[in-house]
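Next comes final.cif, a file with mmCIF, C-alpha atoms.
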```cif
data_input
loop_
_atom_site.label_atom_id
_atom_site.label_comp_id
_atom_site.auth_asym_id
_atom_site.auth_seq_id
_atom_site.Cartn_x
_atom_site.Cartn_y
_atom_site.Cartn_z
CA MET U 1333 0.84 -22.34 -27.62
CA PRO U 1334 -1.36 -24.16 -25.15
CA ILE U 1335 -0.19 -23.76 -21.58
CA PRO U 1336 -2.95 -24.44 -19.05
CA SER U 1337 -4.47 -21.20 -17.86
CA PHE U 1338 -4.05 -21.00 -14.11
CA ASP U 1339 -4.82 -17.32 -13.93
CA ASP U 1340 -7.37 -16.17 -11.41
CA ASP U 1341 -10.74 -16.14 -13.06
CA GLY U 1342 -11.75 -12.97 -11.27
CA ASP U 1343 -12.68 -13.18 -7.60
CA ARG U 1344 -14.76 -16.29 -7.56
CA LYS U 1345 -16.53 -17.07 -4.30
CA VAL U 1346 -19.00 -19.67 -3.06
CA THR U 1347 -20.95 -19.99 0.18
CA ILE U 1348 -22.29 -23.44 0.97
CA ILE U 1349 -25.12 -23.55 3.50
CA LEU U 1350 -25.49 -26.95 5.16
CA SER U 1351 -28.85 -27.36 6.88
CA GLN U 1352 -29.04 -31.14 7.10
CA GLY U 1353 -27.37 -33.57 9.45
CA SER U 1354 -27.11 -36.70 7.33
CA LEU U 1355 -23.85 -38.30 6.30
CA GLU U 1356 -24.61 -37.89 2.60
CA SER U 1357 -25.46 -34.19 2.96
CA ALA U 1358 -22.26 -33.60 4.89
CA TYR U 1359 -20.22 -35.28 2.17
CA ALA U 1360 -22.03 -33.37 -0.56
CA ALA U 1361 -21.11 -30.08 1.16
CA LEU U 1362 -17.49 -31.08 1.79
CA ILE U 1363 -16.85 -32.50 -1.66
CA MET U 1364 -18.13 -29.33 -3.28
CA ALA U 1365 -16.17 -27.14 -0.85
CA ASN U 1366 -13.02 -29.13 -1.51
CA SER U 1367 -13.47 -28.96 -5.28
CA ALA U 1368 -14.11 -25.22 -5.14
CA LEU U 1369 -10.98 -24.63 -3.06
CA GLY U 1370 -8.95 -26.73 -5.49
CA GLU U 1371 -10.05 -24.37 -8.25
CA GLY U 1372 -8.87 -21.36 -6.30
CA ILE U 1373 -12.39 -20.29 -5.34
CA GLU U 1374 -12.90 -18.50 -2.01
CA THR U 1375 -15.10 -20.90 -0.04
CA HIS U 1376 -17.32 -20.40 3.01
CA LEU U 1377 -19.40 -23.02 4.80
CA PHE U 1378 -22.35 -21.86 6.89
CA PHE U 1379 -23.74 -24.48 9.26
CA THR U 1380 -27.37 -24.18 10.29
CA PHE U 1381 -29.96 -26.46 11.94
CA TRP U 1382 -28.79 -30.07 11.75
CA GLY U 1383 -25.90 -29.07 9.56
CA LEU U 1384 -24.40 -27.85 12.81
CA ASP U 1385 -23.69 -31.51 13.69
CA LEU U 1386 -20.73 -31.38 11.30
CA ILE U 1387 -18.97 -28.80 13.47
CA THR U 1388 -20.14 -30.26 16.79
CA ASP U 1389 -17.31 -32.27 18.29
CA LYS U 1390 -19.58 -34.87 19.90
CA LYS U 1391 -21.65 -35.38 16.75
CA ILE U 1392 -19.29 -35.29 13.79
CA ASP U 1393 -18.12 -38.89 14.14
CA HIS U 1394 -21.67 -40.18 14.57
CA MET U 1395 -23.43 -38.69 11.58
CA GLY U 1396 -25.34 -41.36 9.69
CA VAL U 1397 -27.61 -42.35 6.87
CA THR U 1398 -31.30 -42.89 7.48
CA PRO U 1399 -33.05 -45.40 5.23
CA VAL U 1400 -36.48 -44.24 6.52
CA GLY U 1401 -38.27 -42.26 3.85
CA ASN U 1402 -35.32 -42.65 1.51
CA LEU U 1403 -36.94 -44.53 -1.36
CA ASN U 1404 -33.81 -44.34 -3.49
CA MET U 1405 -31.96 -46.72 -1.19
CA GLY U 1406 -33.99 -49.65 -2.46
CA MET U 1407 -34.78 -50.87 1.04
CA PRO U 1408 -38.45 -51.83 1.59
CA GLN U 1409 -40.00 -49.03 3.66
CA ALA U 1410 -41.52 -51.58 6.05
CA VAL U 1411 -38.00 -52.76 6.89
CA ALA U 1412 -36.29 -49.36 7.05
CA PRO U 1413 -37.49 -48.34 10.55
CA ILE U 1414 -36.37 -51.63 12.18
CA PRO U 1415 -33.76 -50.89 14.86
CA GLY U 1416 -30.26 -51.40 13.51
CA MET U 1417 -31.14 -50.71 9.87
CA ALA U 1418 -29.83 -47.15 9.97
CA SER U 1419 -26.54 -48.27 11.44
CA VAL U 1420 -26.18 -50.99 8.80
CA ALA U 1421 -26.89 -48.46 6.05
CA THR U 1422 -24.42 -46.00 7.60
CA LYS U 1423 -21.67 -48.60 7.85
CA MET U 1424 -22.20 -49.63 4.25
CA MET U 1425 -22.00 -46.07 3.01
CA LYS U 1426 -18.92 -45.29 5.12
CA ASN U 1427 -17.19 -48.34 3.66
CA LYS U 1428 -18.07 -47.32 0.12
CA ILE U 1429 -16.78 -43.79 0.74
CA ALA U 1430 -13.53 -45.02 2.29
CA GLY U 1431 -13.11 -47.31 -0.74
CA LEU U 1432 -13.11 -44.23 -2.97
CA ASP U 1433 -10.19 -42.83 -1.00
CA VAL U 1434 -12.42 -40.12 0.48
CA PRO U 1435 -11.56 -39.32 4.12
CA PRO U 1436 -13.87 -39.66 7.13
CA LEU U 1437 -15.78 -36.46 7.99
CA ARG U 1438 -13.46 -35.20 10.73
CA GLU U 1439 -10.37 -35.56 8.55
CA PHE U 1440 -12.23 -34.10 5.58
CA MET U 1441 -13.14 -31.01 7.65
CA GLU U 1442 -9.46 -30.54 8.54
CA MET U 1443 -8.51 -30.92 4.90
CA VAL U 1444 -11.06 -28.32 3.75
CA GLN U 1445 -9.89 -25.97 6.48
CA ASP U 1446 -6.22 -26.47 5.55
CA SER U 1447 -7.17 -25.71 1.95
CA GLY U 1448 -8.50 -22.33 3.07
CA GLY U 1449 -12.21 -23.03 3.67
CA ALA U 1450 -13.91 -20.85 6.30
CA PHE U 1451 -16.47 -22.31 8.73
CA TRP U 1452 -19.31 -20.26 10.20
CA ALA U 1453 -21.97 -21.33 12.70
CA CYS U 1454 -25.57 -20.07 12.63
CA ARG U 1455 -26.39 -17.85 15.63
CA MET U 1456 -30.02 -18.87 15.92
CA THR U 1457 -29.32 -22.60 15.78
CA VAL U 1458 -26.52 -22.34 18.33
CA ASP U 1459 -28.93 -20.57 20.71
CA MET U 1460 -31.69 -23.06 19.96
CA PHE U 1461 -29.48 -26.11 20.57
CA ASP U 1462 -28.08 -24.45 23.69
CA ILE U 1463 -24.44 -24.94 22.69
CA ASP U 1464 -21.42 -22.62 22.40
CA GLU U 1465 -17.92 -22.39 20.88
CA SER U 1466 -16.56 -24.97 23.32
CA ASP U 1467 -18.73 -27.63 21.65
CA PHE U 1468 -17.23 -27.05 18.21
CA VAL U 1469 -14.48 -28.84 16.32
CA PRO U 1470 -11.41 -26.60 15.85
CA GLY U 1471 -11.46 -23.93 13.15
CA VAL U 1472 -14.95 -22.44 13.34
CA LYS U 1473 -14.37 -18.75 12.68
CA ASP U 1474 -17.40 -17.31 14.39
CA ILE U 1475 -21.09 -17.62 15.23
CA VAL U 1476 -22.92 -15.29 12.89
CA SER U 1477 -26.46 -14.30 11.92
CA ALA U 1478 -28.14 -15.01 8.61
CA ALA U 1479 -27.65 -11.35 7.74
CA ASP U 1480 -23.90 -11.68 8.34
CA MET U 1481 -23.91 -14.77 6.13
CA PHE U 1482 -25.45 -12.77 3.26
CA ASN U 1483 -22.77 -10.13 3.67
CA LEU U 1484 -20.09 -12.82 3.52
CA ALA U 1485 -21.69 -14.35 0.44
CA GLU U 1486 -22.12 -11.03 -1.38
CA GLY U 1487 -21.00 -11.22 -4.99
CA GLY U 1488 -20.54 -14.99 -4.95
CA GLN U 1489 -22.64 -18.09 -5.44
CA ILE U 1490 -24.76 -19.67 -2.71
CA LEU U 1491 -25.48 -23.39 -2.46
CA PHE U 1492 -28.12 -24.62 -0.04
CA ILE U 1493 -27.99 -28.22 1.11
CA MET Y 1171 -4.01 -32.34 -30.34
CA ALA Y 1172 -1.25 -29.78 -30.20
CA THR Y 1173 2.48 -29.92 -29.74
CA MET Y 1174 4.70 -27.83 -27.53
CA THR Y 1175 8.47 -27.56 -27.48
CA TYR Y 1176 10.02 -27.75 -24.04
CA SER Y 1177 13.79 -27.80 -23.56
CA GLY Y 1178 14.14 -28.42 -27.28
CA VAL Y 1179 11.91 -31.48 -27.20
CA GLU Y 1180 8.59 -31.57 -29.00
CA VAL Y 1181 5.80 -33.05 -26.87
CA GLU Y 1182 2.15 -33.73 -27.51
CA VAL Y 1183 -0.30 -31.90 -25.25
CA ASP Y 1184 -4.09 -31.81 -24.98
CA GLU Y 1185 -6.17 -28.75 -25.86
CA GLU Y 1186 -5.49 -27.20 -22.43
CA GLY Y 1187 -1.77 -27.94 -22.48
CA PHE Y 1188 -1.53 -31.00 -20.23
CA PHE Y 1189 0.81 -33.77 -21.38
CA VAL Y 1190 -0.80 -36.54 -23.40
CA ASP Y 1191 1.97 -39.05 -22.76
CA PRO Y 1192 3.72 -38.76 -19.36
CA GLU Y 1193 6.62 -40.73 -20.86
CA THR Y 1194 7.60 -37.71 -22.95
CA TRP Y 1195 8.29 -35.70 -19.75
CA THR Y 1196 11.81 -35.38 -18.40
CA GLU Y 1197 13.22 -33.84 -15.25
CA GLU Y 1198 14.84 -31.13 -17.38
CA ILE Y 1199 11.45 -30.14 -18.78
CA ALA Y 1200 9.89 -29.75 -15.30
CA GLY Y 1201 11.74 -26.53 -14.55
CA GLU Y 1202 10.55 -24.97 -17.78
CA LEU Y 1203 6.96 -26.09 -17.17
CA ALA Y 1204 7.10 -24.62 -13.68
CA SER Y 1205 8.44 -21.25 -14.77
CA ALA Y 1206 5.80 -21.14 -17.52
CA ILE Y 1207 3.19 -20.99 -14.73
CA GLY Y 1208 5.22 -18.78 -12.41
CA ILE Y 1209 6.70 -21.39 -10.08
CA GLU Y 1210 10.35 -21.83 -9.17
CA LEU Y 1211 11.01 -25.45 -8.23
CA THR Y 1212 12.37 -26.24 -4.77
CA GLU Y 1213 13.15 -29.54 -3.08
CA ASP Y 1214 9.59 -29.61 -1.68
CA HIS Y 1215 8.14 -29.23 -5.17
CA TRP Y 1216 10.32 -32.11 -6.29
CA SER Y 1217 9.09 -34.46 -3.58
CA VAL Y 1218 5.53 -33.79 -4.80
CA ILE Y 1219 6.50 -34.28 -8.45
CA LYS Y 1220 8.37 -37.51 -7.72
CA PHE Y 1221 5.52 -38.96 -5.70
CA ALA Y 1222 2.93 -37.93 -8.29
CA ARG Y 1223 4.88 -39.57 -11.10
CA GLU Y 1224 5.51 -42.78 -9.16
CA ASP Y 1225 1.87 -42.94 -8.14
CA PHE Y 1226 0.75 -42.41 -11.73
CA VAL Y 1227 2.81 -45.40 -12.81
CA ALA Y 1228 1.38 -47.51 -9.98
CA LYS Y 1229 -2.27 -46.46 -10.28
CA GLY Y 1230 -2.61 -45.34 -13.89
CA GLU Y 1231 -4.09 -41.97 -12.94
CA THR Y 1232 -2.97 -38.61 -11.60
CA PRO Y 1233 -3.15 -38.72 -7.79
CA THR Y 1234 -5.60 -36.49 -5.95
CA LEU Y 1235 -4.41 -33.80 -3.56
CA ARG Y 1236 -5.19 -35.99 -0.56
CA ARG Y 1237 -3.20 -38.88 -2.01
CA VAL Y 1238 -0.20 -36.64 -2.57
CA SER Y 1239 -0.55 -35.15 0.87
CA THR Y 1240 -0.51 -38.53 2.62
CA GLY Y 1241 1.77 -40.28 0.12
CA ALA Y 1242 4.47 -37.62 -0.22
CA GLY Y 1243 4.05 -36.46 3.37
CA VAL Y 1244 3.36 -32.86 2.35
CA PRO Y 1245 0.54 -31.22 4.36
CA THR Y 1246 -2.43 -29.81 2.45
CA LYS Y 1247 -1.57 -26.27 3.55
CA ALA Y 1248 1.95 -26.66 2.15
CA LEU Y 1249 0.59 -27.95 -1.16
CA PHE Y 1250 -1.46 -24.77 -1.50
CA GLU Y 1251 1.70 -22.75 -0.82
CA LEU Y 1252 3.87 -24.70 -3.26
CA PHE Y 1253 1.28 -24.71 -6.04
CA PRO Y 1254 -0.95 -21.72 -5.25
CA LYS Y 1255 -4.69 -21.61 -5.95
CA LYS Y 1256 -5.00 -24.74 -8.06
CA PRO Y 1257 -2.52 -27.21 -6.55
CA ALA Y 1258 -3.79 -30.45 -8.11
CA LYS Y 1259 -3.86 -29.08 -11.65
CA LYS Y 1260 -0.54 -27.31 -11.23
CA PHE Y 1261 1.45 -30.26 -9.92
CA ALA Y 1262 -0.11 -32.43 -12.61
CA PHE Y 1263 1.07 -30.02 -15.30
CA VAL Y 1264 4.60 -29.63 -13.93
CA SER Y 1265 4.85 -33.43 -13.50
CA GLY Y 1266 3.79 -34.03 -17.11
CA LEU Y 1267 0.66 -35.90 -16.02
CA PRO Y 1268 -2.92 -35.68 -17.31
CA LYS Y 1269 -5.34 -33.31 -15.62
CA PRO Y 1270 -6.60 -34.93 -12.38
CA LYS Y 1271 -10.03 -36.56 -12.65
CA GLY Y 1272 -10.82 -37.36 -9.01
CA CYS Y 1273 -13.16 -35.21 -6.92
CA VAL Y 1274 -11.26 -35.36 -3.64
#
```

Representation of the structure as structure tokens:
Amino acid sequence: MPIPSFDDDGDRKVTIILSQGSLESAYAALIMANSALGEGIETHLFFTFWGLDLITDKKIDHMGVTPVGNLNMGMPQAVAPIPGMASVATKMMKNKIAGLDVPPLREFMEMVQDSGGAFWACRMTVDMFDIDESDFVPGVKDIVSAADMFNLAEGGQILFI
Amino acid sequence: MATMTYSGVEVEVDEEGFFVDPETWTEEIAGELASAIGIELTEDHWSVIKFAREDFVAKGETPTLRRVSTGAGVPTKALFELFPKKPAKKFAFVSGLPKPKGCV
């Protein structure tokens, strides 16, 4: 008698560490977080170094793609550093993403949070960038150390982006 | 391929139990599907089910959680309350639709 099994598969947990500030890294982190939450997995996101841009109110809407050093984009590397190229590449990728019915980053962050995802900011990076809670988008639970992050992640999986 | 009998009607389901043909689903069956996975249907569940089924007809695939949220006007948080833990898979099952394929 096949009825889909929706039982809890134990206490599954994942901690996604975002260390990069590019648009594609941000989407990679959010898509995985969203998928994990949709499977009933407890999900934490730890933002460190440039990953912190995703929870920084002034930065989240301006995260982009850089074609410099990105050989997979198929753009000649002599052309990639020309002013305006990064913004063209960013616009193209944002259009492609919107075409897939995937929300812009700010909305996606709200969605992940509404689905139960927990956001944590890295203490050292916050101190280094000289910012505080008032610079964050809503919903960041706390600023914690790497040691705290390991305690949060205990018993689960860790993904580093 | 397996068959299941819901409300006296035999339907074809895939190996996990999702409906193979959404046309074999009826509103009467929905209540039985819901209680099979521990859900008691309310009006809010029904607005999700109705939107999901209409959207399936229009788009040819099970809508994602975000599509249901914007399309049926049910906030994400509420979807997780109505269909706990695995909302997309659960509403798909109760609505007699295939397992959702989309990532978001």

Expansion of the PyMOL selection byres ((chain Y) within 9 of (chain U)) into residues, as a tab-separated table (two decimals) with C-alpha atoms, keeping the file's coordinate frame:
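Below you can see out_22.tsv, which holds the result:
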```tsv
chain	number	residue	atom	x	y	z
Y	1172	ALA	CA	-1.25	-29.78	-30.20
Y	1173	THR	CA	2.48	-29.92	-29.74
Y	1174	MET	CA	4.70	-27.83	-27.53
Y	1183	VAL	CA	-0.30	-31.90	-25.25
Y	1184	ASP	CA	-4.09	-31.81	-24.98
Y	1185	GLU	CA	-6.17	-28.75	-25.86
Y	1186	GLU	CA	-5.49	-27.20	-22.43
Y	1187	GLY	CA	-1.77	-27.94	-22.48
Y	1188	PHE	CA	-1.53	-31.00	-20.23
Y	1203	LEU	CA	6.96	-26.09	-17.17
Y	1206	ALA	CA	5.80	-21.14	-17.52
Y	1207	ILE	CA	3.19	-20.99	-14.73
Y	1235	LEU	CA	-4.41	-33.80	-3.56
Y	1236	ARG	CA	-5.19	-35.99	-0.56
Y	1237	ARG	CA	-3.20	-38.88	-2.01
Y	1245	PRO	CA	0.54	-31.22	4.36
Y	1246	THR	CA	-2.43	-29.81	2.45
Y	1247	LYS	CA	-1.57	-26.27	3.55
Y	1248	ALA	CA	1.95	-26.66	2.15
Y	1249	LEU	CA	0.59	-27.95	-1.16
Y	1250	PHE	CA	-1.46	-24.77	-1.50
Y	1254	PRO	CA	-0.95	-21.72	-5.25
Y	1255	LYS	CA	-4.69	-21.61	-5.95
Y	1256	LYS	CA	-5.00	-24.74	-8.06
Y	1257	PRO	CA	-2.52	-27.21	-6.55
Y	1258	ALA	CA	-3.79	-30.45	-8.11
Y	1259	LYS	CA	-3.86	-29.08	-11.65
Y	1260	LYS	CA	-0.54	-27.31	-11.23
Y	1263	PHE	CA	1.07	-30.02	-15.30
Y	1273	CYS	CA	-13.16	-35.21	-6.92
Y	1274	VAL	CA	-11.26	-35.36	-3.64
```

Distance query stretch 1212-1227 of chain Y at most 7 Å, all atoms listed in the file, self and fewer than 6 positions along chain excluded, as a ChimeraX atom specification: /Y:1233,1238,1242,1252,1261,1265

Expected selection from the PyMOL selection byres ((chain U and resi 1345-1350) around 10), given as a VMD selection string: chain U and resid 1342 to 1344 1351 to 1353 1357 to 1358 1360 to 1362 1364 to 1365 1368 to 1369 1372 to 1386 1449 to 1454 1481 to 1482 1484 to 1493

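Note that atom CA of U:Thr1388 and atom CA of U:Met1441 are 11.5 Å apart.
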
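What separates atom CA of U:Ser1354 from atom CA of U:Gly1396 is a distance of 5.5 Å.
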
Resolved residues for the PyMOL selection byres ((chain U and resi 1390) around 12) as a ChimeraX atom specification: /U:1384-1389,1391-1395,1438,1463,1466-1469

Write the residues you've just listed into a file as a PDB file, keeping the file's coordinate frame, and include C-alpha atoms for each of them.
```pdb
ATOM      1  CA  LEU U1384     -24.400 -27.850  12.810  1.00  0.00           C
ATOM      2  CA  ASP U1385     -23.690 -31.510  13.690  1.00  0.00           C
ATOM      3  CA  LEU U1386     -20.730 -31.380  11.300  1.00  0.00           C
ATOM      4  CA  ILE U1387     -18.970 -28.800  13.470  1.00  0.00           C
ATOM      5  CA  THR U1388     -20.140 -30.260  16.790  1.00  0.00           C
ATOM      6  CA  ASP U1389     -17.310 -32.270  18.290  1.00  0.00           C
ATOM      7  CA  LYS U1391     -21.650 -35.380  16.750  1.00  0.00           C
ATOM      8  CA  ILE U1392     -19.290 -35.290  13.790  1.00  0.00           C
ATOM      9  CA  ASP U1393     -18.120 -38.890  14.140  1.00  0.00           C
ATOM     10  CA  HIS U1394     -21.670 -40.180  14.570  1.00  0.00           C
ATOM     11  CA  MET U1395     -23.430 -38.690  11.580  1.00  0.00           C
ATOM     12  CA  ARG U1438     -13.460 -35.200  10.730  1.00  0.00           C
ATOM     13  CA  ILE U1463     -24.440 -24.940  22.690  1.00  0.00           C
ATOM     14  CA  SER U1466     -16.560 -24.970  23.320  1.00  0.00           C
ATOM     15  CA  ASP U1467     -18.730 -27.630  21.650  1.00  0.00           C
ATOM     16  CA  PHE U1468     -17.230 -27.050  18.210  1.00  0.00           C
ATOM     17  CA  VAL U1469     -14.480 -28.840  16.320  1.00  0.00           C
TER      18      VAL U1469
END
```

Who sits within 6 Å of Y:Gly1266, all atoms listed in the file, same chain under 6 positions skipped, as a ChimeraX atom specification: /Y:1189,1192,1195

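Reported to one decimal place, the separation of atom CA of U:Gly1431 from atom CA of Y:Gly1230 is 16.9 Å.
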
Shell of 8 Å around Y:Ile1209, all atoms listed in the file, local chain residues under 4 positions omitted, as a ChimeraX atom specification: /Y:1204-1205,1253

If you take every atom of stretch 1221-1226 of chain Y that the file lists and fit an axis-aligned box around them with 5 Å extra on each side, what centre and edge lengths come out in Å to one decimal, as AutoDock Vina command-line options?
```
--center_x 3.1 --center_y -40.4 --center_z -8.7 --size_x 14.8 --size_y 15.0 --size_z 16.0
```

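You can rank U:Thr1457, U:Tyr1359, U:Ala1412, U:Ala1479 by their closest distance to U:Lys1426 using all atoms listed in the file, and at the top of that list sits U:Tyr1359.
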
Best match for closeness to U:Val1458 among U:Val1476, U:Met1417, U:Leu1355, U:Leu1403, counting all atoms listed in the file: U:Val1476

Top pick for closest residue to Y:Gly1201, considering Y:Val1244, Y:Val1264, Y:Val1181, Y:Met1171 and counting only C-alpha atoms: Y:Val1264
